[in-house]
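What follows is the content of structure_15.cif, which has mmCIF, C-alpha atoms:
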```
data_input
#
loop_
_atom_site.label_atom_id
_atom_site.label_comp_id
_atom_site.auth_asym_id
_atom_site.auth_seq_id
_atom_site.Cartn_x
_atom_site.Cartn_y
_atom_site.Cartn_z
CA MET L 1 -13.56 -11.02 -17.76
CA ARG L 2 -14.53 -11.30 -14.11
CA PRO L 3 -11.07 -12.47 -12.90
CA LEU L 4 -9.43 -9.54 -14.70
CA LEU L 5 -11.75 -7.07 -12.96
CA LEU L 6 -11.09 -8.67 -9.59
CA GLN L 7 -7.35 -8.51 -10.24
CA ARG L 8 -7.63 -4.79 -10.99
CA VAL L 9 -9.66 -4.17 -7.84
CA ASP L 10 -7.14 -6.16 -5.80
CA ALA L 11 -4.20 -4.27 -7.31
CA GLY L 12 -5.92 -0.93 -6.70
CA ALA L 13 -6.67 -1.81 -3.09
CA ARG L 14 -3.08 -2.88 -2.50
CA VAL L 15 -1.64 0.28 -4.04
CA SER L 16 -3.94 2.48 -1.96
CA ALA L 17 -3.09 0.64 1.29
CA PRO L 18 -0.46 3.16 2.53
CA LEU L 19 -2.78 6.13 2.11
CA VAL L 20 -5.78 4.31 3.58
CA LEU L 21 -3.76 3.05 6.56
CA THR L 22 -2.39 6.55 7.16
CA LEU L 23 -5.91 8.01 7.05
CA ILE L 24 -7.05 5.37 9.56
CA ILE L 25 -4.09 6.24 11.80
CA THR L 26 -5.09 9.91 11.53
CA ILE L 27 -8.53 9.04 12.88
CA ILE L 28 -7.09 6.78 15.60
CA ASN L 29 -4.72 9.60 16.60
CA VAL L 30 -7.63 11.73 17.85
CA VAL L 31 -9.46 9.02 19.79
CA PRO L 32 -9.51 10.08 23.45
CA LEU L 33 -7.84 7.52 25.71
CA ARG L 34 -8.97 9.00 29.02
CA LEU L 35 -5.51 8.75 30.51
CA PRO L 36 -4.37 11.57 32.80
CA ALA L 37 -2.45 14.21 30.84
CA TYR L 38 -2.31 11.97 27.75
CA SER L 39 -3.45 14.72 25.40
CA ALA L 40 -0.49 16.86 26.46
CA ILE L 41 2.06 14.19 25.56
CA ALA L 42 0.18 12.27 22.85
CA PRO L 43 2.57 10.91 20.21
CA ASP L 44 2.25 12.09 16.65
CA LEU L 45 1.14 8.85 15.00
CA VAL L 46 0.38 10.66 11.76
CA LEU L 47 3.94 11.93 11.46
CA MET L 48 5.23 8.41 12.08
CA ALA L 49 3.03 6.95 9.34
CA VAL L 50 3.90 9.63 6.78
CA PHE L 51 7.61 9.19 7.55
CA TYR L 52 7.42 5.40 7.28
CA TRP L 53 5.55 5.29 3.98
CA THR L 54 7.56 8.11 2.41
CA VAL L 55 10.83 6.31 3.23
CA HIS L 56 9.70 2.79 2.32
CA ARG L 57 7.15 3.33 -0.44
CA PRO L 58 7.40 6.89 -1.79
CA ASP L 59 5.74 5.67 -4.97
CA LEU L 60 2.54 4.98 -3.01
CA LEU L 61 2.39 8.02 -0.71
CA ARG L 62 2.60 11.03 -2.97
CA PRO L 63 2.70 14.68 -1.85
CA TRP L 64 -1.04 15.04 -2.45
CA GLY L 65 -1.59 12.07 -0.11
CA ALA L 66 0.49 13.70 2.63
CA PHE L 67 -1.46 16.92 2.08
CA LEU L 68 -4.80 15.09 2.29
CA VAL L 69 -3.74 13.39 5.52
CA GLY L 70 -2.63 16.74 6.93
CA ILE L 71 -5.94 18.42 6.05
CA LEU L 72 -7.85 15.58 7.73
CA ASP L 73 -5.59 15.90 10.77
CA ASP L 74 -6.23 19.67 10.87
CA ILE L 75 -9.99 19.13 10.70
CA LEU L 76 -10.02 16.42 13.38
CA THR L 77 -7.69 18.18 15.83
CA GLY L 78 -9.07 21.70 15.38
CA THR L 79 -5.74 23.05 14.20
CA PRO L 80 -5.96 25.98 11.77
CA LEU L 81 -6.59 24.52 8.33
CA GLY L 82 -3.36 23.83 6.49
CA VAL L 83 -0.92 23.79 9.42
CA ASN L 84 -0.47 20.02 9.70
CA ALA L 85 -0.84 19.72 5.93
CA LEU L 86 2.10 22.09 5.48
CA VAL L 87 4.19 20.28 8.08
CA LEU L 88 3.51 16.86 6.53
CA LEU L 89 4.28 18.23 3.05
CA LEU L 90 7.59 19.58 4.36
CA VAL L 91 8.39 16.22 5.97
CA HIS L 92 7.52 14.43 2.73
CA TRP L 93 9.66 16.87 0.74
CA MET L 94 12.66 16.48 3.10
CA ILE L 95 12.52 12.70 2.90
CA ILE L 96 12.14 12.66 -0.88
CA ASN L 97 15.08 15.07 -1.25
CA GLN L 98 17.23 12.81 0.95
CA HIS L 99 15.68 9.54 -0.22
CA LYS L 100 19.00 8.04 -1.31
CA SER L 101 20.32 8.65 2.20
CA PHE L 102 17.32 7.00 3.86
CA ARG L 103 16.94 4.07 1.48
CA GLY L 104 18.74 0.97 2.64
CA LEU L 105 19.60 2.25 6.12
CA SER L 106 19.44 -0.18 9.00
CA PHE L 107 16.78 0.58 11.58
CA GLY L 108 19.00 2.43 14.09
CA PRO L 109 20.15 5.22 11.75
CA LEU L 110 16.66 5.38 10.24
CA TRP L 111 15.22 5.88 13.72
CA GLY L 112 17.78 8.65 14.28
CA GLY L 113 16.70 10.25 11.02
CA PHE L 114 13.10 10.08 12.19
CA ALA L 115 14.08 11.78 15.46
CA ILE L 116 15.73 14.64 13.55
CA ILE L 117 12.78 15.07 11.21
CA ALA L 118 10.29 14.88 14.10
CA PHE L 119 12.25 17.59 15.91
CA GLY L 120 12.18 19.75 12.79
CA ALA L 121 8.45 19.18 12.38
CA LYS L 122 7.82 20.28 15.98
CA VAL L 123 9.93 23.42 15.44
CA VAL L 124 7.90 24.27 12.34
CA LEU L 125 4.68 23.75 14.34
CA VAL L 126 5.94 26.14 17.04
CA VAL L 127 6.83 28.77 14.44
CA LEU L 128 3.45 28.41 12.75
CA ALA L 129 1.67 28.62 16.13
CA LEU L 130 3.52 31.86 16.85
CA ALA L 131 2.78 33.21 13.38
CA LEU L 132 -0.91 32.45 13.76
CA SER L 133 -0.96 34.06 17.22
CA ARG L 134 -2.00 30.86 18.94
CA GLY L 135 0.55 31.56 21.63
CA LEU L 136 3.76 29.94 22.70
CA ILE L 137 3.71 26.19 23.26
CA ASP L 138 5.15 25.02 26.58
CA PRO L 139 8.65 23.68 25.77
CA MET L 140 8.33 20.86 28.33
CA VAL L 141 5.10 19.65 26.71
CA LEU L 142 6.76 19.86 23.31
CA LEU L 143 9.75 17.88 24.57
CA ALA L 144 7.46 15.24 26.12
CA GLN L 145 5.50 14.89 22.87
CA LEU L 146 8.68 14.64 20.84
CA SER L 147 10.19 12.07 23.21
CA PHE L 148 7.06 9.94 23.23
CA THR L 149 6.78 10.15 19.44
CA VAL L 150 10.40 9.09 18.90
CA ALA L 151 10.17 6.34 21.55
CA LEU L 152 7.02 4.87 19.99
CA TYR L 153 8.30 4.95 16.41
CA PRO L 154 9.81 1.41 16.47
CA LEU L 155 6.45 -0.12 17.43
CA ILE L 156 4.53 1.81 14.77
CA ALA L 157 7.22 1.03 12.17
CA MET L 158 6.99 -2.67 13.02
CA LEU L 159 3.19 -2.64 12.59
CA LEU L 160 3.40 -0.70 9.33
CA GLY L 161 6.15 -3.04 8.14
CA ARG L 162 3.88 -6.02 8.73
CA ALA L 163 1.11 -4.28 6.83
CA GLN L 164 3.54 -3.56 4.00
CA ARG L 165 4.60 -7.20 3.78
CA ALA L 166 0.98 -8.37 3.93
CA PHE L 167 -0.55 -5.99 1.39
CA LEU L 168 2.19 -4.80 -0.93
CA PRO L 169 4.45 -6.59 -3.35
CA ALA L 170 8.18 -6.15 -2.90
CA ILE L 171 9.79 -3.32 -4.83
#
```

This entry written out as structure tokens:
Amino acid sequence: MRPLLLQRVDAGARVSAPLVLTLIITIINVVPLRLPAYSAIAPDLVLMAVFYWTVHRPDLLRPWGAFLVGILDDILTGTPLGVNALVLLLVHWMIINQHKSFRGLSFGPLWGGFAIIAFGAKVVLVVLALALSRGLIDPMVLLAQLSFTVALYPLIAMLLGRAQRAFLPAI
């Protein structure tokens, strides 16, 4: 009986790995690095993680998981509650609706798809900021954040890919 219980615990831990790793990345995303002007151009690690797991293992990062990550991100960053949750839900929805297009792509086109979705996510954030009267976001800061996010995606995707190979069985 004990081996069966341990197998269930192991299987449960493996299946929850994408959500747990994304929650950890959400916490890491708000750690201050004490670099000059870093907070203005900080990459959106949470967006990268949600994109990666939704493309590669949509069975393990469900919409409620993306929502939960977004709520935690809102709480940690001081964003009005629900803003990042809505953006991450929209990203999840877009990827799921185009999942056949994303599945099986080589890395280059997938990276391009990430760039397009990241751009769309930033546009939605700007619109929500305007709607919530938080003021207009400086377009140069937005462009710097977007550029840094897209440029860093290959590194984050490589790390998440290693985690996927280590923790999760092949589909």

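For the pair CA of Ala115 (chain L) and CA of Phe167 (chain L), the interatomic distance is 27.0 Å.
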
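Across L:Lys100, L:Gly108, L:Ile117, L:Ile75, the tightest approach to Pro154 (chain L) is made by L:Gly108 when counting only C-alpha atoms.
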
One decimal, in Å: what's the spacing between CA of Leu125 (chain L) and CA of Asn84 (chain L)?
7.9 Å

Hey, can I get the axis-aligned box for region 50-68 of chain L? All listed atoms, 5 Å padding on each side, centre and edge lengths in Å to one decimal, as AutoDock Vina command-line options.
```
--center_x 3.0 --center_y 9.9 --center_z 1.3 --size_x 25.6 --size_y 24.1 --size_z 22.5
```

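Between CA of Leu86 (chain L) and CA of Ala13 (chain L) the interatomic distance comes to 26.9 Å.
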
Thr149 (chain L): which residues within 12 Å, counting only C-alpha atoms, same-chain residues fewer than 3 positions away excluded, as a PDB file with C-alpha atoms, keeping the file's coordinate frame?
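Once written, out_32.pdb looks like this:
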```
ATOM      1  CA  ASN L  29      -4.720   9.600  16.600  1.00  0.00           C
ATOM      2  CA  ILE L  41       2.060  14.190  25.560  1.00  0.00           C
ATOM      3  CA  ALA L  42       0.180  12.270  22.850  1.00  0.00           C
ATOM      4  CA  PRO L  43       2.570  10.910  20.210  1.00  0.00           C
ATOM      5  CA  ASP L  44       2.250  12.090  16.650  1.00  0.00           C
ATOM      6  CA  LEU L  45       1.140   8.850  15.000  1.00  0.00           C
ATOM      7  CA  VAL L  46       0.380  10.660  11.760  1.00  0.00           C
ATOM      8  CA  LEU L  47       3.940  11.930  11.460  1.00  0.00           C
ATOM      9  CA  MET L  48       5.230   8.410  12.080  1.00  0.00           C
ATOM     10  CA  ALA L  49       3.030   6.950   9.340  1.00  0.00           C
ATOM     11  CA  PHE L  51       7.610   9.190   7.550  1.00  0.00           C
ATOM     12  CA  TRP L 111      15.220   5.880  13.720  1.00  0.00           C
ATOM     13  CA  PHE L 114      13.100  10.080  12.190  1.00  0.00           C
ATOM     14  CA  ALA L 115      14.080  11.780  15.460  1.00  0.00           C
ATOM     15  CA  ILE L 116      15.730  14.640  13.550  1.00  0.00           C
ATOM     16  CA  ILE L 117      12.780  15.070  11.210  1.00  0.00           C
ATOM     17  CA  ALA L 118      10.290  14.880  14.100  1.00  0.00           C
ATOM     18  CA  PHE L 119      12.250  17.590  15.910  1.00  0.00           C
ATOM     19  CA  ALA L 121       8.450  19.180  12.380  1.00  0.00           C
ATOM     20  CA  LYS L 122       7.820  20.280  15.980  1.00  0.00           C
ATOM     21  CA  LEU L 142       6.760  19.860  23.310  1.00  0.00           C
ATOM     22  CA  LEU L 143       9.750  17.880  24.570  1.00  0.00           C
ATOM     23  CA  ALA L 144       7.460  15.240  26.120  1.00  0.00           C
ATOM     24  CA  GLN L 145       5.500  14.890  22.870  1.00  0.00           C
ATOM     25  CA  LEU L 146       8.680  14.640  20.840  1.00  0.00           C
ATOM     26  CA  LEU L 152       7.020   4.870  19.990  1.00  0.00           C
ATOM     27  CA  TYR L 153       8.300   4.950  16.410  1.00  0.00           C
ATOM     28  CA  PRO L 154       9.810   1.410  16.470  1.00  0.00           C
ATOM     29  CA  LEU L 155       6.450  -0.120  17.430  1.00  0.00           C
ATOM     30  CA  ILE L 156       4.530   1.810  14.770  1.00  0.00           C
ATOM     31  CA  ALA L 157       7.220   1.030  12.170  1.00  0.00           C
TER      32      ALA L 157
END
```

I want to know what sits within 10 Å of Ile137 (chain L), based on all atoms listed in the file, with residues of the same chain fewer than 3 positions away left out; could you give that as a PyMOL selection string?
chain L and resi 125-127+129-130+134+140-142

Which residue is closest to His92 (chain L)? Choose from L:Ala37, L:Ala66, L:Leu132, L:Leu76 and count only C-alpha atoms.
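Smallest separation from His92 (chain L) among the options: L:Ala66.
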
From the set L:Leu35, L:Ala11, L:Leu159, L:Val55, which residue has the shortest atom-to-atom contact distance to Gly104 (chain L), counting only C-alpha atoms?
L:Val55

Considering all atoms listed in the file, can you say which of L:Gly78, L:Pro139, L:Pro32, L:Pro18 comes closest to Leu61 (chain L)?
L:Pro18

Pick out the closest residue to Leu72 (chain L) from this set: L:Val15, L:Ala166, L:Val31, L:Ile24. Count all atoms listed in the file.
L:Ile24

Find, counting all atoms listed in the file, the residue in L:Met158, L:Leu136, L:Leu90, L:Leu110 that gets nearest to Val124 (chain L).
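Of L:Met158, L:Leu136, L:Leu90, L:Leu110, the one nearest Val124 (chain L) is L:Leu90, counting all atoms listed in the file.
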
Can region 140-151 of chain L be brought up to all heavy atoms and written out as a CSV table (one decimal), in the coordinates of the input?
```csv
chain,number,residue,atom,x,y,z
L,140,MET,N,8.3,22.2,27.7
L,140,MET,CA,8.3,20.9,28.3
L,140,MET,C,7.3,19.9,27.7
L,140,MET,O,7.5,18.7,27.5
L,140,MET,CB,8.1,21.0,29.8
L,140,MET,CG,9.2,21.7,30.5
L,140,MET,SD,10.9,21.1,30.1
L,140,MET,CE,10.8,19.5,30.9
L,141,VAL,N,6.1,20.5,27.4
L,141,VAL,CA,5.1,19.6,26.7
L,141,VAL,C,5.6,19.2,25.3
L,141,VAL,O,5.4,18.1,24.9
L,141,VAL,CB,3.8,20.4,26.6
L,141,VAL,CG1,2.8,19.7,25.7
L,141,VAL,CG2,3.2,20.7,28.0
L,142,LEU,N,6.2,20.2,24.6
L,142,LEU,CA,6.8,19.9,23.3
L,142,LEU,C,7.8,18.8,23.4
L,142,LEU,O,7.9,17.9,22.6
L,142,LEU,CB,7.3,21.1,22.7
L,142,LEU,CG,7.6,21.1,21.2
L,142,LEU,CD1,6.3,21.0,20.4
L,142,LEU,CD2,8.3,22.4,20.8
L,143,LEU,N,8.7,18.9,24.4
L,143,LEU,CA,9.8,17.9,24.6
L,143,LEU,C,9.2,16.5,24.9
L,143,LEU,O,9.6,15.5,24.4
L,143,LEU,CB,10.7,18.3,25.7
L,143,LEU,CG,11.9,17.4,25.9
L,143,LEU,CD1,12.8,17.3,24.7
L,143,LEU,CD2,12.7,18.0,27.1
L,144,ALA,N,8.1,16.5,25.8
L,144,ALA,CA,7.5,15.2,26.1
L,144,ALA,C,6.8,14.6,24.9
L,144,ALA,O,6.9,13.4,24.7
L,144,ALA,CB,6.4,15.5,27.2
L,145,GLN,N,6.1,15.4,24.1
L,145,GLN,CA,5.5,14.9,22.9
L,145,GLN,C,6.5,14.3,21.9
L,145,GLN,O,6.4,13.2,21.4
L,145,GLN,CB,4.7,16.0,22.2
L,145,GLN,CG,3.4,16.3,22.8
L,145,GLN,CD,2.7,17.5,22.0
L,145,GLN,OE1,3.4,18.2,21.2
L,145,GLN,NE2,1.4,17.6,22.2
L,146,LEU,N,7.6,15.1,21.7
L,146,LEU,CA,8.7,14.6,20.8
L,146,LEU,C,9.3,13.3,21.3
L,146,LEU,O,9.5,12.4,20.6
L,146,LEU,CB,9.7,15.7,20.7
L,146,LEU,CG,10.9,15.4,19.8
L,146,LEU,CD1,10.5,15.2,18.4
L,146,LEU,CD2,12.0,16.5,19.9
L,147,SER,N,9.6,13.3,22.6
L,147,SER,CA,10.2,12.1,23.2
L,147,SER,C,9.3,10.9,23.1
L,147,SER,O,9.7,9.8,22.7
L,147,SER,CB,10.5,12.3,24.7
L,147,SER,OG,11.4,13.3,24.9
L,148,PHE,N,8.0,11.0,23.3
L,148,PHE,CA,7.1,9.9,23.2
L,148,PHE,C,6.9,9.5,21.8
L,148,PHE,O,6.8,8.3,21.5
L,148,PHE,CB,5.7,10.4,23.8
L,148,PHE,CG,4.8,9.2,24.2
L,148,PHE,CD1,5.3,8.0,24.6
L,148,PHE,CD2,3.5,9.4,24.2
L,148,PHE,CE1,4.5,7.0,25.0
L,148,PHE,CE2,2.6,8.4,24.6
L,148,PHE,CZ,3.1,7.2,25.0
L,149,THR,N,6.9,10.5,20.9
L,149,THR,CA,6.8,10.2,19.4
L,149,THR,C,8.0,9.3,19.0
L,149,THR,O,7.8,8.3,18.3
L,149,THR,CB,6.7,11.5,18.6
L,149,THR,OG1,5.5,12.1,19.0
L,149,THR,CG2,6.6,11.2,17.1
L,150,VAL,N,9.2,9.8,19.3
L,150,VAL,CA,10.4,9.1,18.9
L,150,VAL,C,10.5,7.7,19.6
L,150,VAL,O,10.9,6.7,18.9
L,150,VAL,CB,11.7,9.9,19.2
L,150,VAL,CG1,12.9,9.2,19.0
L,150,VAL,CG2,11.7,11.2,18.3
L,151,ALA,N,10.1,7.6,20.8
L,151,ALA,CA,10.2,6.3,21.6
L,151,ALA,C,9.2,5.3,21.0
L,151,ALA,O,9.5,4.1,21.0
L,151,ALA,CB,9.9,6.6,23.0
```
